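Worksheet: one structure, shown below.
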Amino acid sequence: MERQMLRYTLERLDQMGEILVCEREVDPIYELGGVLKYFRNKKPILFPKIKNSTVRGIGGLYGNREIMYKLLHMEHDNRLFKFMEAIANPKPYKIVDKGPIKENIITRNIDLSRLFPIPKYQEKDSSSFITAGVMVVKDPETKKYFTSIRRLQVNGGNQLSALIASPKLTNDFLQLEKENKPLEVAIVLGYDAFFLMASQVSSESYGVDKFEIDSALRGEPLELVHCETVDLLVPAHCEIVLEGKLVPGRRELEGPFGELMGYYGGVAPHPIIEITGVMYRNDPIFQIAFPCREEHLSNGLIREVELYNYLKNQVDVIDVNVTEGGGYRFNAFASINKKKDGDGKSAILAALGSNKDLKQVVIVDGDVDIFDLQDIEWAITTRAQASQDFVIVPGALGSSLEPSHDLRGVTDKVGIDATKPLGEVAERFERARIPGYEDIDIRKYFPKLV
Ligand SMILES: Cc1cc2nc3c(=O)[nH]c(=O)nc-3n(C[C@H](O)[C@H](O)[C@H](O)COP(=O)(O)O)c2cc1C
């Protein structure tokens with residue numbers, strides 16, 4: 001029985017009652033993305049009928065925090081430690097001779113748009129885009145496996161353009177390019193939550209094998225098969241694999257594309273991937289991620305680990321939330337047990353140093369729910385004074401995905417210390433409570449209430 005990748009995930013989602021089936025045929029141009037956007041990627045949706053294709057699609061798979069915890073066998077309270085444990089103690093993966101991914105193999109006359117229903121999402125997007133593909137590469141020196149999601153513009157036939165924002169991966173390609181050598185890649189679609197989470201561990205941990213992190217996280221070896229046309233391993237039970245190479249000496253214009261924060265990213269020359277082989281399961285399911293912030297939850301979950309660790313060095317941190325509204329990158333809330341005057345400000349310094357993309361952070365006490373925006377607003381309103389508690393750092397290194405500064409890639413940073421003071425004055429900040437409130441079961445008073 002299969003226990004890995006998308007088919008198994010679908011069984012589990014079905015058992016949880018968490019999958020919607022779209023009963024109407026959808027056009028992959030705009031309409032499919034429109035349906036996904038309506039549910040903000042919070043609801044997994046299967047599209048059995050996509051115009052001009054016999055292949056099914058699935059989207060909105062991994063954008064809901066509660067569903068993700070269930071798929072990853074985690075609770076909110078132990079998630080950070082389970083991720084840390086897997087990153088610190090990678091486990092071996094397993095190479096198998098065969099797997100369902102080998103059911104269909106194509107190595108000639110590859111036309112990606114004919115094979116799969118690749119969506120076009122937004123009005124000014126330059127083309128159709130593969131947005132959920134996990135790119136597998138091998139570190140040229142250490143031979144360890146590195147996986148990450150990189151959006152892929154469809155250029156026609158077997159050609160894609162890749163947007164790779166990672167300095168390490170870009171550098172590896174540029175080094176090989178100097179010797180006129182390609183970088184082999186495999187793009188994996190139809191994976192499970194463990195595979196996705198491992199792919200979001202930062203390139204800073206390049207050298208750590210992501211297949212091994214995946215195996216540690218899932219609690220059993222990830223099963224992998226050899227590719228047909230490149231020297232790489234891919235999951236035996238995934239839906240679709242596109243094998244190919246980043247071609248030295250060639251660039252193609254990529255973009256515009258409506259990206260993470262809902263703005264169009266510009267047009268620029270990017271490397272080309274030439275697809276040399278396609279493998280897919282019988283009756284494959286094409287995986288889709290609507291290109292807006294909601295599906296970046298996986299990235300945010302890993303950034304929460306980084307943020308927690310940076311805070312832990314300075315203060316007694318309780319919990320962290322790298323927020324959806326901030327693209328799971330730019331904005332965070334953290335709660336701390338304030339023990340000394342100055343803890344709130346130290347927490348701001350630690351948080352803003354945890355990742356260059358983080359632009360804003362709010363620090364609160366443990367009696368504030370950092371997953372409730374109204375509670376955060378309440379804490380800022382009643383526990384912070386701008387002249388004393390807002391810390392502003394002008395013109396620091398930021399992200400080019402966030403357009404508010406005149407210089408792309410530069411940003412002001414701000415931290416808000418919304419913790420209450422210590423000592424006698426703290427009494428002023430005691431939250432009024434009703435004894436026994438938590439034990440009230442409202443359905444006993446209003447049985448007809450659903
Ligand atoms: C749905 C999704 C789409 C993404 N698209 C891109 C992309 O187009 N280009 C990119 O460089 N990173 C993209 N990312 C982020 C990388 O996959 C992620 O940061 C990964 O961990 C690589 O690590 P690095 O950013 O440290 O290099 C995406 C992430 C997700 C979850």
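By convention in this document, the chains of the structure tokens carry letters A, B, ... by their order, each chain's residues are numbered from 1, and ligands are numbered from 1 in the order they are shown.
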Report as JSON lines: every residue of chain A with an atom at most 6 Å from ligand 1, its closest pair of atoms, and their distance in Å to one decimal, counting only C-alpha atoms and all ligand atoms, with rows sorted by chain and ascending residue number.
```
{"residue": "A:Thr131", "atom": "CA", "partner": "ligand 1", "partner_atom_place_in_ligand_line": "3 (C)", "distance": 6.0}
{"residue": "A:Ala132", "atom": "CA", "partner": "ligand 1", "partner_atom_place_in_ligand_line": "1 (C)", "distance": 5.4}
{"residue": "A:Ser148", "atom": "CA", "partner": "ligand 1", "partner_atom_place_in_ligand_line": "17 (O)", "distance": 4.1}
{"residue": "A:Ile149", "atom": "CA", "partner": "ligand 1", "partner_atom_place_in_ligand_line": "17 (O)", "distance": 3.6}
{"residue": "A:Arg150", "atom": "CA", "partner": "ligand 1", "partner_atom_place_in_ligand_line": "7 (C)", "distance": 3.6}
{"residue": "A:Arg151", "atom": "CA", "partner": "ligand 1", "partner_atom_place_in_ligand_line": "8 (O)", "distance": 3.6}
{"residue": "A:Leu163", "atom": "CA", "partner": "ligand 1", "partner_atom_place_in_ligand_line": "9 (N)", "distance": 4.9}
{"residue": "A:Ile164", "atom": "CA", "partner": "ligand 1", "partner_atom_place_in_ligand_line": "11 (O)", "distance": 4.0}
{"residue": "A:Ala165", "atom": "CA", "partner": "ligand 1", "partner_atom_place_in_ligand_line": "11 (O)", "distance": 3.6}
{"residue": "A:Ser166", "atom": "CA", "partner": "ligand 1", "partner_atom_place_in_ligand_line": "27 (O)", "distance": 3.9}
{"residue": "A:Ser199", "atom": "CA", "partner": "ligand 1", "partner_atom_place_in_ligand_line": "21 (O)", "distance": 5.5}
{"residue": "A:Gln200", "atom": "CA", "partner": "ligand 1", "partner_atom_place_in_ligand_line": "21 (O)", "distance": 3.2}
{"residue": "A:Val201", "atom": "CA", "partner": "ligand 1", "partner_atom_place_in_ligand_line": "21 (O)", "distance": 4.6}
{"residue": "A:Ser202", "atom": "CA", "partner": "ligand 1", "partner_atom_place_in_ligand_line": "26 (O)", "distance": 3.4}
{"residue": "A:Ser203", "atom": "CA", "partner": "ligand 1", "partner_atom_place_in_ligand_line": "26 (O)", "distance": 3.7}
{"residue": "A:Glu204", "atom": "CA", "partner": "ligand 1", "partner_atom_place_in_ligand_line": "26 (O)", "distance": 5.9}
{"residue": "A:Ala289", "atom": "CA", "partner": "ligand 1", "partner_atom_place_in_ligand_line": "1 (C)", "distance": 5.9}
{"residue": "A:Glu295", "atom": "CA", "partner": "ligand 1", "partner_atom_place_in_ligand_line": "1 (C)", "distance": 5.5}
{"residue": "A:His296", "atom": "CA", "partner": "ligand 1", "partner_atom_place_in_ligand_line": "31 (C)", "distance": 4.2}
{"residue": "A:Ser298", "atom": "CA", "partner": "ligand 1", "partner_atom_place_in_ligand_line": "31 (C)", "distance": 5.6}
{"residue": "A:Asn299", "atom": "CA", "partner": "ligand 1", "partner_atom_place_in_ligand_line": "31 (C)", "distance": 5.3}
```
Can you write out the residues you just picked, keeping all heavy atoms, as a short mmCIF file (atom, residue, chain, number, x, y, z; two decimals), in the first residue's frame?
```cif
data_model
loop_
_atom_site.label_atom_id
_atom_site.label_comp_id
_atom_site.auth_asym_id
_atom_site.auth_seq_id
_atom_site.Cartn_x
_atom_site.Cartn_y
_atom_site.Cartn_z
N THR A 131 3.64 26.49 -11.09
CA THR A 131 3.94 27.24 -9.86
C THR A 131 4.17 26.36 -8.63
O THR A 131 4.59 26.85 -7.60
CB THR A 131 2.76 28.20 -9.54
OG1 THR A 131 1.56 27.44 -9.65
CG2 THR A 131 2.73 29.36 -10.49
N ALA A 132 3.86 25.07 -8.76
CA ALA A 132 4.00 24.20 -7.58
C ALA A 132 5.15 23.20 -7.75
O ALA A 132 5.35 22.35 -6.89
CB ALA A 132 2.69 23.43 -7.34
N SER A 148 13.67 22.81 -3.97
CA SER A 148 13.03 24.11 -3.71
C SER A 148 11.97 24.33 -4.78
O SER A 148 12.06 23.75 -5.87
CB SER A 148 14.05 25.25 -3.76
OG SER A 148 14.71 25.27 -5.02
N ILE A 149 10.97 25.16 -4.47
CA ILE A 149 9.98 25.50 -5.50
C ILE A 149 10.49 26.73 -6.26
O ILE A 149 10.92 27.70 -5.63
CB ILE A 149 8.61 25.81 -4.88
CG1 ILE A 149 8.09 24.60 -4.10
CG2 ILE A 149 7.61 26.22 -5.96
CD1 ILE A 149 6.68 24.73 -3.59
N ARG A 150 10.48 26.67 -7.57
CA ARG A 150 10.84 27.82 -8.40
C ARG A 150 9.80 27.91 -9.50
O ARG A 150 9.53 26.91 -10.17
CB ARG A 150 12.23 27.64 -9.05
CG ARG A 150 13.33 27.22 -8.10
CD ARG A 150 13.76 28.32 -7.15
NE ARG A 150 14.70 27.81 -6.16
CZ ARG A 150 15.16 28.51 -5.14
NH1 ARG A 150 14.74 29.74 -4.93
NH2 ARG A 150 16.02 28.00 -4.30
N ARG A 151 9.24 29.10 -9.70
CA ARG A 151 8.19 29.19 -10.72
C ARG A 151 8.80 29.03 -12.11
O ARG A 151 9.96 29.42 -12.35
CB ARG A 151 7.43 30.50 -10.61
CG ARG A 151 8.18 31.68 -11.16
CD ARG A 151 7.28 32.91 -11.14
NE ARG A 151 7.87 34.02 -11.82
CZ ARG A 151 8.05 35.23 -11.29
NH1 ARG A 151 7.70 35.47 -10.04
NH2 ARG A 151 8.58 36.20 -11.99
N LEU A 163 12.60 31.11 -12.49
CA LEU A 163 12.95 32.23 -11.63
C LEU A 163 13.63 31.68 -10.37
O LEU A 163 12.97 31.08 -9.52
CB LEU A 163 11.72 33.05 -11.22
CG LEU A 163 12.12 34.24 -10.35
CD1 LEU A 163 12.36 35.48 -11.19
CD2 LEU A 163 11.11 34.51 -9.27
N ILE A 164 14.93 31.87 -10.28
CA ILE A 164 15.68 31.30 -9.16
C ILE A 164 16.28 32.44 -8.34
O ILE A 164 17.20 33.11 -8.78
CB ILE A 164 16.79 30.35 -9.66
CG1 ILE A 164 16.16 29.22 -10.47
CG2 ILE A 164 17.62 29.83 -8.50
CD1 ILE A 164 17.14 28.28 -11.10
N ALA A 165 15.70 32.68 -7.16
CA ALA A 165 16.16 33.80 -6.33
C ALA A 165 17.23 33.37 -5.32
O ALA A 165 17.61 34.15 -4.48
CB ALA A 165 14.98 34.43 -5.62
N SER A 166 17.70 32.13 -5.42
CA SER A 166 18.67 31.66 -4.42
C SER A 166 20.10 31.94 -4.87
O SER A 166 20.52 31.49 -5.94
CB SER A 166 18.49 30.15 -4.23
OG SER A 166 19.71 29.53 -3.90
N SER A 199 11.39 21.04 1.20
CA SER A 199 11.82 21.93 0.10
C SER A 199 11.91 23.39 0.55
O SER A 199 12.54 24.19 -0.12
CB SER A 199 10.85 21.83 -1.08
OG SER A 199 9.72 22.66 -0.90
N GLN A 200 11.28 23.72 1.67
CA GLN A 200 11.27 25.12 2.10
C GLN A 200 12.37 25.43 3.12
O GLN A 200 12.49 26.58 3.56
CB GLN A 200 9.89 25.50 2.65
CG GLN A 200 8.82 25.48 1.57
CD GLN A 200 9.19 26.29 0.35
OE1 GLN A 200 9.38 27.49 0.43
NE2 GLN A 200 9.35 25.64 -0.80
N VAL A 201 13.15 24.43 3.49
CA VAL A 201 14.31 24.71 4.35
C VAL A 201 15.30 25.52 3.51
O VAL A 201 15.56 25.19 2.36
CB VAL A 201 14.95 23.39 4.85
CG1 VAL A 201 16.21 23.68 5.63
CG2 VAL A 201 13.94 22.64 5.71
N SER A 202 15.81 26.61 4.09
CA SER A 202 16.56 27.60 3.32
C SER A 202 17.84 27.05 2.67
O SER A 202 18.44 26.11 3.14
CB SER A 202 16.90 28.73 4.26
OG SER A 202 18.00 29.43 3.82
N SER A 203 18.27 27.73 1.59
CA SER A 203 19.53 27.35 0.95
C SER A 203 20.71 27.58 1.88
O SER A 203 21.80 27.08 1.61
CB SER A 203 19.84 28.13 -0.32
OG SER A 203 18.81 28.82 -0.83
N GLU A 204 20.50 28.36 2.93
CA GLU A 204 21.58 28.53 3.91
C GLU A 204 21.99 27.15 4.43
O GLU A 204 23.12 26.94 4.83
CB GLU A 204 21.11 29.38 5.10
CG GLU A 204 20.58 30.76 4.73
CD GLU A 204 21.60 31.57 3.93
OE1 GLU A 204 22.78 31.50 4.27
OE2 GLU A 204 21.19 32.23 2.96
N ALA A 289 -0.54 25.61 -7.75
CA ALA A 289 -0.56 26.50 -6.57
C ALA A 289 -0.89 27.89 -7.07
O ALA A 289 -0.13 28.45 -7.85
CB ALA A 289 0.78 26.49 -5.86
N GLU A 295 -0.53 30.16 -0.36
CA GLU A 295 0.09 28.84 -0.45
C GLU A 295 1.54 28.86 0.03
O GLU A 295 2.20 27.84 0.05
CB GLU A 295 -0.03 28.25 -1.86
CG GLU A 295 1.08 28.56 -2.80
CD GLU A 295 0.97 29.95 -3.39
OE1 GLU A 295 0.06 30.73 -2.99
OE2 GLU A 295 1.81 30.29 -4.22
N HIS A 296 2.00 30.03 0.43
CA HIS A 296 3.36 30.12 0.96
C HIS A 296 3.43 29.75 2.44
O HIS A 296 4.47 29.90 3.07
CB HIS A 296 3.94 31.51 0.72
CG HIS A 296 4.42 31.69 -0.68
ND1 HIS A 296 5.74 31.66 -1.03
CD2 HIS A 296 3.74 31.84 -1.83
CE1 HIS A 296 5.86 31.81 -2.34
NE2 HIS A 296 4.66 31.92 -2.84
N SER A 298 3.87 27.01 3.79
CA SER A 298 4.99 26.10 4.05
C SER A 298 6.28 26.89 4.31
O SER A 298 7.06 26.55 5.20
CB SER A 298 5.19 25.14 2.88
OG SER A 298 5.34 25.87 1.68
N ASN A 299 6.48 27.95 3.52
CA ASN A 299 7.67 28.77 3.70
C ASN A 299 7.60 29.48 5.06
O ASN A 299 8.59 29.52 5.80
CB ASN A 299 7.73 29.79 2.56
CG ASN A 299 9.10 30.37 2.37
OD1 ASN A 299 9.41 31.39 2.98
ND2 ASN A 299 9.94 29.73 1.59
#
```
List every residue of stretch 62-215 of chain A that DSSP, applied to the backbone, labels as strand (DSSP E or B), and write the result as a VMD selection string. chain A and resid 94 to 95 104 to 106 120 129 to 130 134 to 138 145 to 149 152 to 156 159 to 162 183 to 189 206 208
Can I get the selected residues back with C-alpha atoms, as a PDB file, in the first residue's frame?
```
ATOM      1  CA  LYS A  94      15.668   4.660   0.250  1.00  0.00           C
ATOM      2  CA  ILE A  95      16.324   4.024  -3.457  1.00  0.00           C
ATOM      3  CA  ASN A 104       4.575   6.434 -18.524  1.00  0.00           C
ATOM      4  CA  ILE A 105       7.857   7.727 -19.912  1.00  0.00           C
ATOM      5  CA  ILE A 106       8.329  10.179 -22.787  1.00  0.00           C
ATOM      6  CA  LYS A 120      -2.416  31.102 -16.877  1.00  0.00           C
ATOM      7  CA  PHE A 129       3.239  28.995 -15.393  1.00  0.00           C
ATOM      8  CA  ILE A 130       4.074  25.866 -13.410  1.00  0.00           C
ATOM      9  CA  VAL A 134       9.617  21.268  -6.638  1.00  0.00           C
ATOM     10  CA  MET A 135      12.970  21.508  -8.411  1.00  0.00           C
ATOM     11  CA  VAL A 136      15.463  18.779  -7.488  1.00  0.00           C
ATOM     12  CA  VAL A 137      19.198  19.409  -8.010  1.00  0.00           C
ATOM     13  CA  LYS A 138      22.352  17.781  -6.699  1.00  0.00           C
ATOM     14  CA  TYR A 145      20.151  16.728  -2.794  1.00  0.00           C
ATOM     15  CA  PHE A 146      18.616  20.202  -2.716  1.00  0.00           C
ATOM     16  CA  THR A 147      14.923  20.817  -3.390  1.00  0.00           C
ATOM     17  CA  SER A 148      13.026  24.105  -3.709  1.00  0.00           C
ATOM     18  CA  ILE A 149       9.984  25.502  -5.498  1.00  0.00           C
ATOM     19  CA  LEU A 152       8.523  28.082 -14.339  1.00  0.00           C
ATOM     20  CA  GLN A 153       7.331  30.076 -17.342  1.00  0.00           C
ATOM     21  CA  VAL A 154       6.196  27.915 -20.257  1.00  0.00           C
ATOM     22  CA  ASN A 155       8.070  29.045 -23.378  1.00  0.00           C
ATOM     23  CA  GLY A 156       6.592  26.480 -25.798  1.00  0.00           C
ATOM     24  CA  GLN A 159      11.325  24.865 -22.899  1.00  0.00           C
ATOM     25  CA  LEU A 160      10.774  26.588 -19.566  1.00  0.00           C
ATOM     26  CA  SER A 161      12.276  29.702 -17.947  1.00  0.00           C
ATOM     27  CA  ALA A 162      13.057  29.474 -14.244  1.00  0.00           C
ATOM     28  CA  LEU A 183      22.935  21.876 -14.308  1.00  0.00           C
ATOM     29  CA  GLU A 184      20.670  18.837 -14.268  1.00  0.00           C
ATOM     30  CA  VAL A 185      17.224  19.317 -12.735  1.00  0.00           C
ATOM     31  CA  ALA A 186      14.062  17.298 -12.127  1.00  0.00           C
ATOM     32  CA  ILE A 187      10.752  19.036 -11.430  1.00  0.00           C
ATOM     33  CA  VAL A 188       8.404  17.082  -9.176  1.00  0.00           C
ATOM     34  CA  LEU A 189       4.601  17.530  -9.091  1.00  0.00           C
ATOM     35  CA  TYR A 206      22.604  23.739   1.482  1.00  0.00           C
ATOM     36  CA  VAL A 208      22.174  19.283   4.332  1.00  0.00           C
TER      37      VAL A 208
END
```
Just the alpha helix (DSSP H) stuff from stretch 34-132 of chain A, please, per backbone DSSP, written as a VMD selection string. chain A and resid 34 to 38 65 to 71 79 to 88 112 to 115
Mind checking which residues fall within 10 Å of A:Phe257, counting only C-alpha atoms, ignoring those fewer than 2 positions away in the same chain, and posting them as a compact mmCIF listing (two decimals) with all heavy atoms, in the first residue's frame?
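The resulting file, out.txt, is shown below:
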```txt
# COMPACT_ATOMS: atom_id res chain seq x y z
N LYS A 120 -2.84 29.69 -16.87
CA LYS A 120 -2.42 31.10 -16.88
C LYS A 120 -3.29 31.76 -15.82
O LYS A 120 -4.51 31.56 -15.81
CB LYS A 120 -2.64 31.71 -18.25
CG LYS A 120 -2.18 33.15 -18.32
CD LYS A 120 -2.26 33.71 -19.73
CE LYS A 120 -1.81 35.17 -19.69
NZ LYS A 120 -2.00 35.85 -20.95
N TYR A 121 -2.67 32.55 -14.94
CA TYR A 121 -3.43 32.99 -13.76
C TYR A 121 -3.99 34.40 -13.88
O TYR A 121 -5.15 34.64 -13.61
CB TYR A 121 -2.54 32.89 -12.52
CG TYR A 121 -2.16 31.48 -12.18
CD1 TYR A 121 -0.93 30.95 -12.58
CD2 TYR A 121 -3.04 30.65 -11.49
CE1 TYR A 121 -0.60 29.64 -12.28
CE2 TYR A 121 -2.70 29.35 -11.19
CZ TYR A 121 -1.48 28.85 -11.59
OH TYR A 121 -1.14 27.56 -11.30
N GLN A 122 -3.10 35.35 -14.21
CA GLN A 122 -3.52 36.74 -14.09
C GLN A 122 -3.32 37.49 -15.40
O GLN A 122 -2.51 37.09 -16.24
CB GLN A 122 -2.76 37.38 -12.93
CG GLN A 122 -3.19 36.72 -11.63
CD GLN A 122 -2.11 36.70 -10.56
OE1 GLN A 122 -2.33 37.18 -9.47
NE2 GLN A 122 -0.97 36.12 -10.85
N GLU A 123 -4.08 38.60 -15.52
CA GLU A 123 -4.22 39.32 -16.78
C GLU A 123 -2.89 39.58 -17.50
O GLU A 123 -2.75 39.30 -18.68
CB GLU A 123 -4.92 40.65 -16.48
CG GLU A 123 -5.36 41.40 -17.69
CD GLU A 123 -6.01 42.73 -17.31
OE1 GLU A 123 -5.88 43.18 -16.14
OE2 GLU A 123 -6.66 43.31 -18.20
N LYS A 124 -1.90 40.11 -16.77
CA LYS A 124 -0.67 40.53 -17.45
C LYS A 124 0.43 39.47 -17.39
O LYS A 124 1.56 39.74 -17.80
CB LYS A 124 -0.16 41.84 -16.83
CG LYS A 124 -1.09 42.99 -17.11
CD LYS A 124 -0.51 44.31 -16.63
CE LYS A 124 -1.51 45.42 -16.91
NZ LYS A 124 -1.17 46.64 -16.19
N ASP A 125 0.11 38.27 -16.88
CA ASP A 125 1.12 37.20 -16.85
C ASP A 125 1.59 36.94 -18.29
O ASP A 125 0.78 36.90 -19.22
CB ASP A 125 0.55 35.90 -16.27
CG ASP A 125 0.32 35.99 -14.76
OD1 ASP A 125 0.67 37.03 -14.17
OD2 ASP A 125 -0.22 35.03 -14.19
N SER A 126 2.91 36.72 -18.43
CA SER A 126 3.47 36.59 -19.78
C SER A 126 3.07 35.30 -20.47
O SER A 126 3.12 35.19 -21.69
CB SER A 126 5.00 36.65 -19.68
OG SER A 126 5.43 35.68 -18.74
N SER A 127 2.69 34.26 -19.70
CA SER A 127 2.43 32.95 -20.28
C SER A 127 1.73 32.07 -19.24
O SER A 127 1.33 32.56 -18.18
CB SER A 127 3.77 32.30 -20.68
OG SER A 127 3.57 31.01 -21.20
N SER A 128 1.62 30.79 -19.53
CA SER A 128 1.22 29.82 -18.51
C SER A 128 2.43 29.57 -17.60
O SER A 128 3.57 29.66 -18.06
CB SER A 128 0.82 28.49 -19.15
OG SER A 128 -0.21 28.72 -20.08
N PHE A 129 2.14 29.22 -16.34
CA PHE A 129 3.24 28.99 -15.39
C PHE A 129 3.01 27.72 -14.59
O PHE A 129 1.88 27.45 -14.15
CB PHE A 129 3.34 30.17 -14.41
CG PHE A 129 4.10 31.35 -14.93
CD1 PHE A 129 3.48 32.27 -15.78
CD2 PHE A 129 5.43 31.55 -14.60
CE1 PHE A 129 4.17 33.36 -16.27
CE2 PHE A 129 6.14 32.64 -15.08
CZ PHE A 129 5.50 33.55 -15.92
N ARG A 151 9.24 29.10 -9.70
CA ARG A 151 8.19 29.19 -10.72
C ARG A 151 8.80 29.03 -12.11
O ARG A 151 9.96 29.42 -12.35
CB ARG A 151 7.43 30.50 -10.61
CG ARG A 151 8.18 31.68 -11.16
CD ARG A 151 7.28 32.91 -11.14
NE ARG A 151 7.87 34.02 -11.82
CZ ARG A 151 8.05 35.23 -11.29
NH1 ARG A 151 7.70 35.47 -10.04
NH2 ARG A 151 8.58 36.20 -11.99
N GLN A 153 8.11 29.52 -16.23
CA GLN A 153 7.33 30.08 -17.34
C GLN A 153 7.39 29.11 -18.52
O GLN A 153 8.47 28.63 -18.88
CB GLN A 153 7.92 31.43 -17.73
CG GLN A 153 7.35 32.05 -18.98
CD GLN A 153 8.07 33.34 -19.36
OE1 GLN A 153 7.81 34.39 -18.80
NE2 GLN A 153 9.00 33.25 -20.30
N GLU A 254 11.69 36.54 -18.84
CA GLU A 254 10.69 35.93 -17.97
C GLU A 254 9.85 37.04 -17.35
O GLU A 254 10.37 38.10 -17.00
CB GLU A 254 11.39 35.14 -16.86
CG GLU A 254 10.53 34.10 -16.18
CD GLU A 254 9.93 34.54 -14.87
OE1 GLU A 254 10.05 35.74 -14.50
OE2 GLU A 254 9.30 33.71 -14.20
N GLY A 255 8.53 36.83 -17.23
CA GLY A 255 7.62 37.82 -16.66
C GLY A 255 6.99 38.66 -17.76
O GLY A 255 7.31 38.48 -18.93
N GLU A 259 2.91 38.01 -8.65
CA GLU A 259 3.59 37.12 -7.70
C GLU A 259 3.11 37.26 -6.26
O GLU A 259 2.03 37.81 -6.00
CB GLU A 259 5.12 37.27 -7.83
CG GLU A 259 5.60 38.69 -7.84
CD GLU A 259 7.06 38.82 -8.22
OE1 GLU A 259 7.61 38.02 -9.00
OE2 GLU A 259 7.68 39.75 -7.71
N LEU A 260 3.96 36.76 -5.36
CA LEU A 260 3.62 36.59 -3.93
C LEU A 260 2.67 37.63 -3.32
O LEU A 260 1.64 37.30 -2.77
CB LEU A 260 4.93 36.52 -3.15
CG LEU A 260 4.88 36.46 -1.63
CD1 LEU A 260 4.28 35.16 -1.17
CD2 LEU A 260 6.27 36.63 -1.06
N GLY A 262 0.87 39.84 -4.75
CA GLY A 262 -0.25 40.28 -5.59
C GLY A 262 0.12 41.40 -6.55
O GLY A 262 -0.76 41.98 -7.19
N TYR A 263 1.42 41.73 -6.66
CA TYR A 263 1.88 42.72 -7.63
C TYR A 263 2.58 41.99 -8.77
O TYR A 263 3.08 40.88 -8.59
CB TYR A 263 2.87 43.69 -6.99
CG TYR A 263 2.29 44.52 -5.88
CD1 TYR A 263 2.67 44.32 -4.56
CD2 TYR A 263 1.36 45.52 -6.16
CE1 TYR A 263 2.13 45.08 -3.54
CE2 TYR A 263 0.82 46.29 -5.13
CZ TYR A 263 1.21 46.07 -3.83
OH TYR A 263 0.68 46.82 -2.83
N TYR A 264 2.66 42.66 -9.93
CA TYR A 264 3.38 42.05 -11.05
C TYR A 264 4.89 42.24 -10.88
O TYR A 264 5.34 43.37 -10.68
CB TYR A 264 2.94 42.66 -12.39
CG TYR A 264 1.55 42.25 -12.80
CD1 TYR A 264 0.47 43.10 -12.64
CD2 TYR A 264 1.33 40.97 -13.33
CE1 TYR A 264 -0.82 42.71 -12.99
CE2 TYR A 264 0.04 40.58 -13.68
CZ TYR A 264 -1.02 41.44 -13.51
OH TYR A 264 -2.28 41.05 -13.86
N GLY A 265 5.62 41.14 -10.97
CA GLY A 265 7.08 41.21 -11.00
C GLY A 265 7.50 41.55 -12.43
O GLY A 265 6.80 41.21 -13.38
N GLY A 266 8.66 42.23 -12.57
CA GLY A 266 9.09 42.75 -13.88
C GLY A 266 9.59 41.68 -14.84
O GLY A 266 9.65 40.50 -14.52
N VAL A 267 9.96 42.16 -16.04
CA VAL A 267 10.49 41.28 -17.09
C VAL A 267 12.02 41.30 -17.00
O VAL A 267 12.61 42.36 -16.91
CB VAL A 267 10.06 41.79 -18.48
CG1 VAL A 267 10.50 40.83 -19.57
CG2 VAL A 267 8.56 42.00 -18.53
N PRO A 291 -0.69 31.56 -7.50
CA PRO A 291 0.52 32.32 -7.12
C PRO A 291 0.23 33.55 -6.28
O PRO A 291 0.45 34.67 -6.69
CB PRO A 291 1.09 32.74 -8.48
CG PRO A 291 -0.10 32.82 -9.36
CD PRO A 291 -1.07 31.79 -8.89
```
List the neighbours of A:Phe211 out to 10 Å using only C-alpha atoms; skip same-chain residues closer than 2 positions along the sequence, and give me the result as a PyMOL selection string. chain A and resi 90-94+136+144-147+194-195+198-199+208-209+213-217+221-224+233-235
From the list A:Thr54, A:Gly258, A:Ala396, A:Leu297, which residue is nearest A:Lys42 when using only C-alpha atoms?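 Checking each candidate against A:Lys42, we get A:Leu297 as the closest.
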For a quick check of understanding, using only C-alpha atoms, which of A:Gly190, A:Gly17, A:Gly133, A:Pro271 has the smallest distance to A:Glu252? A:Pro271
So, with only C-alpha atoms as the atoms that count, which of A:Cys292, A:Ile302, A:Leu115, A:Ile416 lies closest to A:Ser387?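 Of the candidates, the smallest distance to A:Ser387 is held by A:Ile416.
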I'd like a table as JSON lines: residues in stretch 4-81 of chain A with an atom no more than 7 Å from stretch 236-244 of chain A, each row giving the shortest atom pair and its distance in Å to one decimal, only C-alpha atoms counted, sorted by chain and rising residue number.
```
{"residue": "A:Gln4", "atom": "CA", "partner": "A:His237", "partner_atom": "CA", "distance": 6.3}
{"residue": "A:Met5", "atom": "CA", "partner": "A:Cys238", "partner_atom": "CA", "distance": 5.4}
{"residue": "A:Leu6", "atom": "CA", "partner": "A:Cys238", "partner_atom": "CA", "distance": 6.4}
```
Just give me the gap between atom CA of A:Leu61 and atom CA of A:Glu85 in Å, one decimal is fine.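 Taking atom CA of A:Leu61 as the start and atom CA of A:Glu85 as the end point, the length is 24.7 Å.
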Do you know which residues are at most 10 Å from stretch 345-357 of chain A counting only C-alpha atoms, after dropping those on the same chain fewer than 3 positions away, and could you put them as a ChimeraX atom specification? /A:303-317,328-336,338,341-342,360-364,389-391,393,396-402,409-411,413-419
Looking at only C-alpha atoms, which of A:Met1, A:Ile285, A:Ile19, A:Ile273 is the one that sits closest to A:Ile118? A:Ile285
Using only C-alpha atoms, pick whichever of A:Val368, A:Ala86, A:Leu71, A:Val278 has the shortest atom-to-atom distance to A:Gly219. A:Ala86
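Residue nearest A:Gly325, chosen from A:Arg12, A:Lys444, A:Arg293, A:Lys43 and counting only C-alpha atoms: A:Arg293.
One finds atom CA of A:Val225 at 23.2 Å from atom CA of A:Val55.
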Applying 6 Å and only C-alpha atoms, which residues near stretch 22-39 of chain A remain after dropping the ones on its own chain fewer than 5 positions away? List them as a list in words.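 Near stretch 22-39 of chain A, the qualifying residues are Phe47, Lys49, Ile50, Lys51, Pro119, Lys120 and Tyr121 of chain A.
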